[in-house]
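J.: work11.cif (mmCIF, C-alpha atoms and all ligand atoms) pasted underneath:
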data_coords
loop_
_atom_site.label_atom_id
_atom_site.label_comp_id
_atom_site.auth_asym_id
_atom_site.auth_seq_id
_atom_site.Cartn_x
_atom_site.Cartn_y
_atom_site.Cartn_z
CA MET A 675 -9.45 -3.55 -15.05
CA LYS A 676 -7.21 -3.03 -12.03
CA GLN A 677 -3.68 -4.47 -12.12
CA GLU A 678 -4.39 -6.65 -9.05
CA ASP A 679 -7.42 -8.24 -10.75
CA ARG A 680 -5.53 -8.65 -13.98
CA GLN A 681 -2.76 -10.56 -12.22
CA LYS A 682 -5.27 -13.14 -10.95
CA MET A 683 -6.35 -14.08 -14.45
CA GLN A 684 -4.82 -16.78 -16.60
CA TYR A 685 -2.66 -15.46 -19.40
CA ARG A 686 -1.25 -17.25 -22.40
CA ILE A 687 1.94 -15.28 -21.74
CA PRO A 688 1.96 -14.30 -18.06
CA TYR A 689 4.25 -11.63 -16.66
CA ASN A 690 6.27 -14.07 -14.60
CA ILE A 691 6.60 -17.80 -14.00
CA PRO A 692 8.82 -18.62 -11.01
CA PRO A 693 12.03 -20.31 -12.13
CA LEU A 694 12.12 -24.10 -11.95
CA VAL A 695 15.26 -25.29 -13.67
CA GLY A 696 15.55 -28.92 -12.58
CA GLY A 697 17.15 -30.20 -9.40
CA GLU A 698 15.03 -28.18 -6.96
CA LEU A 699 12.71 -31.04 -5.97
CA GLU A 700 15.56 -33.54 -5.71
CA ASN A 701 17.44 -31.18 -3.39
CA MET A 702 14.33 -30.77 -1.25
CA ARG A 703 13.98 -34.54 -1.08
CA VAL A 704 17.59 -34.81 0.09
CA ALA A 705 16.95 -32.21 2.78
CA CYS A 706 14.02 -34.27 4.07
CA GLU A 707 15.09 -37.87 3.55
CA VAL A 708 18.88 -37.80 3.62
CA ASN A 709 19.95 -34.79 5.68
CA HIS A 710 16.94 -34.95 8.03
CA LYS A 711 17.34 -31.23 8.37
CA ILE A 712 14.60 -28.81 7.43
CA CYS A 713 15.16 -25.91 9.83
CA GLY A 714 17.69 -23.20 9.05
CA ASP A 715 21.47 -23.27 8.66
CA GLY A 716 21.73 -26.86 7.41
CA PRO A 717 23.95 -28.11 4.56
CA PHE A 718 21.98 -26.38 1.77
CA THR A 719 22.06 -23.02 3.52
CA LYS A 720 25.81 -23.42 3.95
CA GLU A 721 26.25 -24.32 0.28
CA CYS A 722 24.19 -21.33 -0.88
CA THR A 723 26.12 -19.00 1.42
CA ALA A 724 29.47 -20.31 0.21
CA TRP A 725 28.34 -20.02 -3.40
CA LEU A 726 27.25 -16.43 -2.95
CA GLN A 727 30.42 -15.46 -1.16
CA GLU A 728 32.63 -17.04 -3.80
CA HIS A 729 30.74 -15.64 -6.78
CA THR A 730 30.18 -12.11 -5.50
CA GLY A 731 33.30 -11.43 -3.47
CA ALA A 732 31.22 -10.16 -0.55
CA GLY A 733 33.16 -10.00 2.73
CA ALA A 734 30.47 -12.10 4.40
CA VAL A 735 27.05 -13.45 3.41
CA LEU A 736 24.06 -14.42 5.53
CA LEU A 737 21.08 -16.12 3.94
CA THR A 738 17.86 -14.50 5.16
CA THR A 739 14.10 -14.93 5.03
CA SER A 740 13.79 -12.06 2.55
CA CYS A 741 15.55 -9.07 1.10
CA SER A 742 13.23 -6.95 3.23
CA HIS A 743 14.53 -8.69 6.36
CA ALA A 744 18.13 -8.28 5.22
CA MET A 745 17.45 -4.54 4.99
CA ASP A 746 15.68 -4.51 8.38
CA MET A 747 18.80 -6.13 9.84
CA THR A 748 20.91 -3.46 8.16
CA ALA A 749 18.97 -0.68 9.90
CA PHE A 750 19.72 -2.41 13.23
CA LEU A 751 23.40 -2.83 12.36
CA MET A 752 23.61 0.87 11.43
CA ASP A 753 21.98 1.62 14.77
CA ILE A 754 19.37 3.87 13.16
CA GLN A 755 17.80 6.07 15.84
CA PRO A 756 14.52 8.01 15.69
CA GLY A 757 14.99 11.05 13.47
CA ASP A 758 18.02 9.69 11.60
CA GLU A 759 17.74 10.36 7.88
CA VAL A 760 18.41 8.01 5.01
CA ILE A 761 18.64 9.19 1.40
CA LEU A 762 17.00 6.94 -1.18
CA PRO A 763 14.99 7.11 -4.40
CA SER A 764 11.21 7.38 -4.25
CA PHE A 765 10.99 5.05 -7.25
CA THR A 766 11.54 1.78 -5.36
CA PHE A 767 9.77 -1.01 -3.54
CA VAL A 768 8.40 -0.15 -0.09
CA SER A 769 10.94 -2.32 1.77
CA THR A 770 13.87 0.00 1.08
CA ALA A 771 12.12 2.71 3.11
CA ASN A 772 10.37 0.44 5.64
CA ALA A 773 13.66 -0.90 6.96
CA PHE A 774 14.53 2.54 8.32
CA VAL A 775 11.00 3.66 9.20
CA LEU A 776 10.69 0.63 11.49
CA ARG A 777 13.54 2.10 13.55
CA GLY A 778 12.08 5.62 13.54
CA GLY A 779 14.28 6.73 10.65
CA VAL A 780 13.18 9.31 8.10
CA PRO A 781 13.37 8.44 4.41
CA VAL A 782 14.55 11.45 2.40
CA PHE A 783 13.68 10.85 -1.22
CA VAL A 784 15.60 12.35 -4.09
CA ASP A 785 14.85 12.25 -7.78
CA ILE A 786 15.95 9.54 -10.20
CA ARG A 787 17.84 9.64 -13.49
CA PRO A 788 15.45 9.09 -16.39
CA ASP A 789 17.96 6.93 -18.29
CA THR A 790 18.37 4.13 -15.72
CA MET A 791 15.55 4.96 -13.27
CA ASN A 792 18.23 4.84 -10.54
CA ILE A 793 18.86 7.49 -7.89
CA ASP A 794 20.43 10.60 -9.41
CA GLU A 795 23.83 10.61 -7.74
CA LYS A 796 24.21 14.33 -8.44
CA LEU A 797 21.29 15.16 -6.15
CA ILE A 798 22.45 13.24 -3.09
CA GLU A 799 24.94 15.68 -1.61
CA GLU A 800 22.50 18.57 -1.34
CA ALA A 801 20.02 16.36 0.55
CA ILE A 802 22.52 15.65 3.33
CA THR A 803 21.83 17.23 6.73
CA GLU A 804 23.46 16.69 10.13
CA LYS A 805 20.89 13.95 10.72
CA THR A 806 21.80 11.95 7.62
CA LYS A 807 23.10 8.52 8.51
CA ALA A 808 23.04 6.55 5.27
CA ILE A 809 22.47 6.43 1.54
CA ALA A 810 20.39 3.56 0.15
CA PRO A 811 20.79 3.26 -3.63
CA VAL A 812 18.54 0.79 -5.45
CA HIS A 813 19.90 -0.99 -8.53
CA TYR A 814 16.77 -0.91 -10.64
CA ALA A 815 16.32 -3.78 -13.11
CA GLY A 816 19.77 -5.12 -12.21
CA VAL A 817 21.48 -2.05 -13.67
CA GLY A 818 24.00 -0.58 -11.25
CA CYS A 819 23.76 2.91 -9.79
CA GLU A 820 26.72 5.28 -10.25
CA MET A 821 28.47 3.71 -7.26
CA ASP A 822 31.88 5.42 -7.43
CA THR A 823 30.20 8.79 -6.95
CA ILE A 824 27.88 7.48 -4.24
CA LEU A 825 30.71 5.79 -2.31
CA LYS A 826 32.80 8.97 -2.51
CA ILE A 827 29.94 11.10 -1.10
CA ALA A 828 29.42 8.55 1.68
CA LYS A 829 33.10 8.59 2.55
CA ASP A 830 33.34 12.39 2.55
CA HIS A 831 30.31 12.70 4.84
CA HIS A 832 30.88 9.58 6.98
CA LEU A 833 27.67 7.90 5.91
CA TYR A 834 26.78 4.25 5.58
CA VAL A 835 25.78 2.83 2.22
CA MET A 836 23.17 0.09 1.95
CA GLU A 837 22.64 -1.22 -1.56
CA ASP A 838 19.18 -2.53 -2.31
CA ALA A 839 20.41 -5.14 -4.78
CA ALA A 840 17.15 -7.12 -4.62
CA GLN A 841 17.19 -7.31 -8.42
CA GLY A 842 20.94 -7.46 -8.79
CA MET A 843 22.03 -11.12 -8.75
CA MET A 844 24.80 -11.77 -11.34
CA ALA A 845 24.94 -8.10 -12.36
CA THR A 846 28.03 -5.93 -11.94
CA TYR A 847 29.24 -2.32 -11.83
CA LYS A 848 32.85 -1.92 -13.01
CA GLY A 849 33.26 -5.63 -12.53
CA ARG A 850 32.02 -5.65 -8.92
CA ALA A 851 28.90 -7.57 -7.94
CA LEU A 852 25.90 -5.40 -7.07
CA GLY A 853 25.38 -5.42 -3.31
CA THR A 854 29.06 -5.82 -2.41
CA MET A 855 30.26 -2.23 -2.76
CA GLY A 856 28.38 -0.54 0.07
CA ASP A 857 28.82 -1.37 3.77
CA PHE A 858 25.71 -3.51 3.43
CA GLY A 859 23.90 -5.06 0.49
CA ALA A 860 20.66 -6.99 0.25
CA VAL A 861 19.51 -9.35 -2.50
CA SER A 862 16.16 -11.06 -2.97
CA PHE A 863 15.23 -14.61 -3.86
CA HIS A 864 11.51 -13.93 -3.99
CA GLU A 865 9.67 -15.88 -6.69
CA THR A 866 9.62 -12.82 -8.96
CA LYS A 867 13.40 -12.54 -9.01
CA ASN A 868 15.90 -14.21 -11.36
CA TYR A 869 16.89 -16.80 -8.75
CA SER A 870 14.33 -17.91 -6.25
CA MET A 871 13.60 -19.80 -3.07
CA GLY A 872 9.97 -18.70 -2.83
CA GLU A 873 10.59 -16.15 -0.14
CA GLY A 874 14.17 -15.40 0.81
CA GLY A 875 17.18 -13.19 0.42
CA ALA A 876 20.69 -12.54 1.57
CA LEU A 877 22.60 -9.90 3.47
CA TYR A 878 26.07 -9.03 2.17
CA LEU A 879 28.59 -7.43 4.51
CA ARG A 880 31.52 -5.64 2.90
CA ASP A 881 33.82 -6.35 5.81
CA LYS A 882 33.59 -8.67 8.75
CA ALA A 883 33.24 -5.88 11.35
CA HIS A 884 29.47 -6.36 11.63
CA LEU A 885 29.44 -10.12 11.10
CA GLU A 886 29.25 -11.28 14.70
CA GLU A 887 26.53 -8.75 15.51
CA ALA A 888 24.62 -9.74 12.35
CA GLU A 889 24.80 -13.44 13.21
CA ILE A 890 23.44 -12.78 16.69
CA LEU A 891 20.66 -10.58 15.35
CA ARG A 892 19.68 -13.27 12.84
CA GLU A 893 19.68 -16.09 15.41
CA LYS A 894 17.22 -14.69 17.98
CA GLY A 895 19.87 -12.68 19.77
CA THR A 896 21.97 -15.74 20.57
CA ASN A 897 25.54 -16.70 19.66
CA ARG A 898 24.34 -20.00 18.27
CA SER A 899 26.36 -19.59 15.06
CA GLN A 900 29.58 -19.37 17.09
CA PHE A 901 28.46 -22.37 19.15
CA PHE A 902 27.98 -24.51 16.03
CA ARG A 903 31.43 -23.52 14.80
CA GLY A 904 32.84 -24.67 18.14
CA GLN A 905 34.00 -21.18 19.08
CA VAL A 906 32.05 -21.15 22.36
CA ASP A 907 30.98 -24.07 24.55
CA LYS A 908 27.40 -22.95 25.11
CA TYR A 909 25.14 -20.54 23.39
CA ARG A 910 23.44 -17.75 25.26
CA TRP A 911 21.26 -14.72 24.86
CA MET A 912 23.73 -12.00 23.83
CA ASN A 913 21.65 -9.13 22.46
CA PHE A 914 18.27 -8.31 20.96
CA GLY A 915 17.43 -10.29 17.87
CA SER A 916 14.84 -12.16 15.89
CA SER A 917 14.63 -15.09 13.48
CA TYR A 918 15.89 -14.14 10.05
CA LEU A 919 17.15 -17.53 8.85
CA PRO A 920 15.29 -19.35 6.11
CA GLY A 921 14.37 -23.03 6.33
CA GLU A 922 16.43 -25.67 4.52
CA LEU A 923 13.68 -26.52 2.02
CA ASN A 924 13.91 -23.01 0.65
CA ALA A 925 17.69 -23.12 0.57
CA ALA A 926 17.57 -26.53 -1.17
CA TYR A 927 15.37 -25.02 -3.88
CA LEU A 928 17.70 -22.06 -4.30
CA LYS A 929 20.84 -24.19 -4.50
CA ALA A 930 19.56 -25.95 -7.63
CA GLN A 931 19.24 -22.55 -9.28
CA LEU A 932 22.64 -21.32 -8.17
CA ASP A 933 24.09 -24.48 -9.73
CA LYS A 934 22.63 -23.26 -13.03
CA ALA A 935 23.30 -19.58 -12.46
CA GLU A 936 25.14 -19.00 -15.72
CA GLU A 937 22.50 -20.78 -17.77
CA ILE A 938 19.66 -18.80 -16.18
CA ASN A 939 21.52 -15.54 -16.64
CA LYS A 940 22.35 -16.25 -20.28
CA LYS A 941 18.76 -17.19 -21.05
CA ARG A 942 17.38 -14.01 -19.50
CA ILE A 943 19.90 -11.73 -21.15
CA GLY A 944 19.16 -13.43 -24.49
CA LEU A 945 15.44 -12.71 -24.14
CA TRP A 946 16.17 -9.14 -23.02
CA GLU A 947 18.36 -8.57 -26.06
CA GLU A 948 15.73 -10.04 -28.34
CA TYR A 949 13.16 -7.56 -27.01
CA TYR A 950 15.65 -4.75 -27.44
CA GLU A 951 16.45 -5.63 -31.01
CA LEU A 952 12.89 -6.30 -32.13
CA LEU A 953 11.60 -3.10 -30.50
CA SER A 954 14.39 -0.88 -31.84
CA PRO A 955 12.47 0.21 -34.98
CA LEU A 956 9.59 1.41 -32.81
CA ALA A 957 12.04 3.28 -30.59
CA GLU A 958 13.78 4.80 -33.62
CA SER A 959 10.43 6.06 -34.88
CA GLY A 960 10.03 7.87 -31.54
CA ARG A 961 7.00 5.95 -30.29
CA ILE A 962 8.67 4.31 -27.28
CA GLU A 963 11.92 4.46 -25.32
CA LEU A 964 14.12 1.49 -24.49
CA PRO A 965 16.21 0.93 -21.35
CA THR A 966 19.73 2.33 -21.04
CA VAL A 967 22.58 0.28 -19.59
CA PRO A 968 25.65 2.46 -18.83
CA GLU A 969 29.00 1.19 -20.07
CA GLU A 970 30.25 0.41 -16.54
CA CYS A 971 27.32 -1.92 -15.94
CA VAL A 972 26.65 -5.51 -16.89
CA HIS A 973 22.98 -6.24 -16.27
CA ASN A 974 21.19 -9.54 -15.67
CA GLY A 975 18.06 -9.33 -17.79
CA HIS A 976 15.91 -8.91 -14.69
CA ILE A 977 13.34 -6.56 -16.20
CA PHE A 978 12.62 -5.53 -19.76
CA TYR A 979 10.69 -2.30 -19.70
CA ILE A 980 9.61 0.18 -22.30
CA LYS A 981 8.56 3.77 -21.78
CA VAL A 982 5.49 4.94 -23.63
CA LYS A 983 4.13 8.47 -24.15
CA ASP A 984 2.09 8.82 -20.97
CA LEU A 985 -0.23 7.16 -18.47
CA GLU A 986 -3.18 7.08 -20.87
CA GLU A 987 -1.17 5.35 -23.57
CA ARG A 988 0.20 2.86 -21.05
CA SER A 989 -3.28 1.88 -19.85
CA ALA A 990 -4.45 1.41 -23.44
CA LEU A 991 -1.42 -0.75 -24.27
CA ILE A 992 -1.91 -2.91 -21.16
CA GLU A 993 -5.54 -3.34 -22.20
CA HIS A 994 -4.57 -4.27 -25.76
CA LEU A 995 -1.98 -6.83 -24.63
CA GLY A 996 -4.41 -8.24 -22.05
CA GLU A 997 -6.97 -8.90 -24.77
CA LYS A 998 -4.31 -10.89 -26.62
CA GLY A 999 -3.53 -12.98 -23.52
CA ILE A 1000 -0.33 -11.15 -22.59
CA LEU A 1001 0.23 -9.67 -19.14
CA ALA A 1002 2.37 -6.53 -18.93
CA VAL A 1003 2.65 -4.71 -15.60
CA PHE A 1004 3.81 -1.41 -14.17
CA HIS A 1005 5.38 -0.20 -10.90
CA TYR A 1006 6.25 1.61 -8.60
CA VAL A 1007 3.80 4.14 -7.26
CA PRO A 1008 6.41 6.67 -6.03
CA LEU A 1009 6.82 6.26 -2.28
CA HIS A 1010 6.67 9.98 -1.52
CA SER A 1011 3.16 10.18 -2.95
CA ALA A 1012 1.89 7.11 -1.03
CA PRO A 1013 0.17 7.52 2.36
CA ALA A 1014 3.06 6.11 4.42
CA GLY A 1015 5.61 8.05 2.38
CA LYS A 1016 3.83 11.28 3.27
CA THR A 1017 3.63 10.32 6.93
CA TYR A 1018 7.19 9.16 7.43
CA GLY A 1019 9.32 10.77 4.76
CA ARG A 1020 9.92 13.79 2.62
CA PHE A 1021 11.08 14.53 -0.90
CA HIS A 1022 14.16 16.71 -1.19
CA GLY A 1023 14.33 18.90 -4.27
CA GLU A 1024 12.17 18.73 -7.34
CA ASP A 1025 10.32 15.66 -8.62
CA ARG A 1026 11.32 16.12 -12.25
CA PHE A 1027 11.40 12.47 -13.28
CA THR A 1028 10.18 10.14 -10.52
CA THR A 1029 6.45 10.56 -11.08
CA LYS A 1030 6.53 11.29 -14.79
CA GLU A 1031 8.83 8.43 -15.74
CA SER A 1032 7.17 5.89 -13.45
CA GLU A 1033 3.84 6.60 -15.14
CA ARG A 1034 5.32 5.82 -18.56
CA LEU A 1035 7.09 2.61 -17.62
CA LEU A 1036 5.73 -0.78 -18.62
CA ARG A 1037 7.35 -4.14 -17.89
CA LEU A 1038 7.03 -6.91 -20.47
CA PRO A 1039 6.90 -10.66 -19.72
CA LEU A 1040 10.38 -12.00 -18.96
CA TYR A 1041 11.07 -15.29 -17.21
CA TYR A 1042 13.24 -18.37 -17.54
CA ALA A 1043 10.56 -20.47 -19.28
CA LEU A 1044 9.70 -17.76 -21.83
CA SER A 1045 10.57 -18.65 -25.43
CA PRO A 1046 12.04 -16.43 -28.16
CA ALA A 1047 8.85 -17.07 -30.19
CA GLU A 1048 6.77 -15.67 -27.32
CA VAL A 1049 8.95 -12.56 -27.18
CA GLU A 1050 8.31 -12.15 -30.89
CA GLU A 1051 4.59 -12.42 -30.26
CA VAL A 1052 4.63 -9.75 -27.54
CA VAL A 1053 6.53 -7.42 -29.85
CA LYS A 1054 4.14 -8.14 -32.71
CA GLU A 1055 1.21 -7.09 -30.50
CA ILE A 1056 2.99 -3.92 -29.38
CA ASN A 1057 3.59 -3.02 -33.02
CA ALA A 1058 -0.06 -3.78 -33.82
CA PHE A 1059 -1.15 -1.47 -30.99
CA TYR A 1060 0.88 1.43 -32.36
CA LYS A 1061 -0.55 0.86 -35.84
CA THR A 1062 -4.07 1.32 -34.45
CA ARG A 1063 -2.91 4.59 -32.88
CA GLY A 1064 -1.91 5.97 -36.27
C1 LIG B 1101 11.76 -7.55 -4.62
C2 LIG B 1101 12.33 -6.32 -4.04
C3 LIG B 1101 12.44 -6.13 -2.67
C4 LIG B 1101 11.86 -7.08 -1.66
O1 LIG B 1101 12.40 -8.36 -1.71
P1 LIG B 1101 11.78 -9.48 -0.73
O2 LIG B 1101 12.78 -10.59 -0.83
O3 LIG B 1101 10.45 -9.84 -1.28
O4 LIG B 1101 11.71 -8.91 0.62
C5 LIG B 1101 13.05 -4.99 -2.20
N1 LIG B 1101 13.53 -4.06 -3.04
C6 LIG B 1101 13.43 -4.19 -4.38
C7 LIG B 1101 14.00 -3.13 -5.26
C8 LIG B 1101 12.81 -5.32 -4.92
O5 LIG B 1101 12.70 -5.43 -6.25
#
Transcribe the structure of this file into structure tokens.
T.:
Amino acid sequence: MKQEDRQKMQYRIPYNIPPLVGGELENMRVACEVNHKICGDGPFTKECTAWLQEHTGAGAVLLTTSCSHAMDMTAFLMDIQPGDEVILPSFTFVSTANAFVLRGGVPVFVDIRPDTMNIDEKLIEEAITEKTKAIAPVHYAGVGCEMDTILKIAKDHHLYVMEDAAQGMMATYKGRALGTMGDFGAVSFHETKNYSMGEGGALYLRDKAHLEEAEILREKGTNRSQFFRGQVDKYRWMNFGSSYLPGELNAAYLKAQLDKAEEINKKRIGLWEEYYELLSPLAESGRIELPTVPEECVHNGHIFYIKVKDLEERSALIEHLGEKGILAVFHYVPLHSAPAGKTYGRFHGEDRFTTKESERLLRLPLYYALSPAEVEEVVKEINAFYKTRG
């Protein structure tokens, strides 16, 4: 069965259930009945923005319609021109590359580290050419990339850094929030992420230099944000732009989750650690590999993945779990091997790990409503599968 078809079926233990922690519907009611404000930049958007700024230490935060849009905005703010190159991993979601391709940029993919599945920082420097404009690290599974090295390379070569921190809410590298270390950072509040507003995201700016331009870009090319702050007496068309601000209903939903951010994070990390502990014997026997979290990183329990022997074994395990009512899923098809990746980008150096490791990776169910007993059940079925394999 294809993964797309599988995801349409009903599972006893699905891969994901969007977070609903209490308070979301009440906030949405307030937006409608009390605030009478359902378009963007109302009280809930302001509260979410303030929360994010305070808890991450970002220089500035703009709530957006998605992480993809936050990254599209970044490519504008970097003034990416046709032919400009951006270095990124091939093992990522399409949006990291699309943001630059939409501006005529060229994604230059480099290999990942097999331990964290993040971009291999040691391979970045040799991929730099005179056309390189930026580095776009992706913090896979909420585990930070080796940012000190990446920031040093960027500084030495005068490159921008955009962190794809879509999966990085509440996670840190050397105590700094993911998404706040590069010039730009983007997080996602899609329903599959730890904190959600259905569709949505945020753009983090490290310093305020790009803030005014970003606000104009987000508000249809107008200085409406300045107008509402009373800084100008009328708002006008200032530059090109589009509409990247989410509606208040989405922000109201998100705010309820930010109010319980610690609780959500603790729950997810607890489930992650339970998987890790219960699967350790199987890892010690050499049948599977477990994720690595470097010492500098505090993760957020976004994804629990295992690595199996190969593609064949992964398909068989997915099949086995599916028969037991458990949905486990894989990703990403490496971008450099996808049709658009071949058209728009290129891979620099050797693909030692990207393809091989992505074919071995399997994500297990992990969501706020999952119970420790269900984790136990998933592990029991994985163990049963390996028994049948001898
Ligand atoms: C989810 C995700 C995105 C896209 O986020 P949206 O908010 O859906 O646009 C981008 N990059 C990575 C690594 C993701 O996991």
J.: Mind giving me the straight-line distance from atom CA of A:Arg988 to atom CA of A:Ser1011 in Å, one decimal?
T.: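 These atoms are spaced 19.7 Å apart.
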J.: Tell me which protein, DNA and RNA residues are within 8 Å of A:Pro788, counting only C-alpha atoms, leaving out same-chain ones fewer than 4 positions away, and put them as a list of chain:residue names.
T.: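 Neighbouring residues, sequence-local ones excluded: A:Asn792, A:Phe1027, A:Thr1028, A:Glu1031.
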J.: Would you mind listing the residues within 7 Å of ligand LIG 1101 (chain B), counting all atoms listed in the file, as a VMD selection string?
T.: chain A and resid 740 to 743 766 to 767 769 to 770 812 814 838 to 841 862 to 864 867 873 to 875
J.: Considering only C-alpha atoms, can you say which of A:Tyr834, A:Phe774, A:Tyr847, A:Tyr918 comes closest to A:Glu970?
T.: A:Tyr847
J.: Give me the residues near A:Tyr909 as a PyMOL selection string, where near means some atom within 9 Å (using only C-alpha atoms) and where sequence neighbours in that chain fewer than 3 positions away do not count.
T.: chain A and resi 896-902+906+912
J.: Between A:Tyr869, A:Glu969, A:Asp746, A:Gly859, single out the one closest to A:Gly915, counting only C-alpha atoms.
T.: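 The shortest atom-to-atom distance to A:Gly915 comes from A:Asp746.
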J.: Which polymer residues have any atom within 7 Å of an atom of A:Ala705, counting all atoms listed in the file, with same-chain residues fewer than 4 positions away left out, as a ChimeraX atom specification?
T.: /A:701,709-712,922-923,926
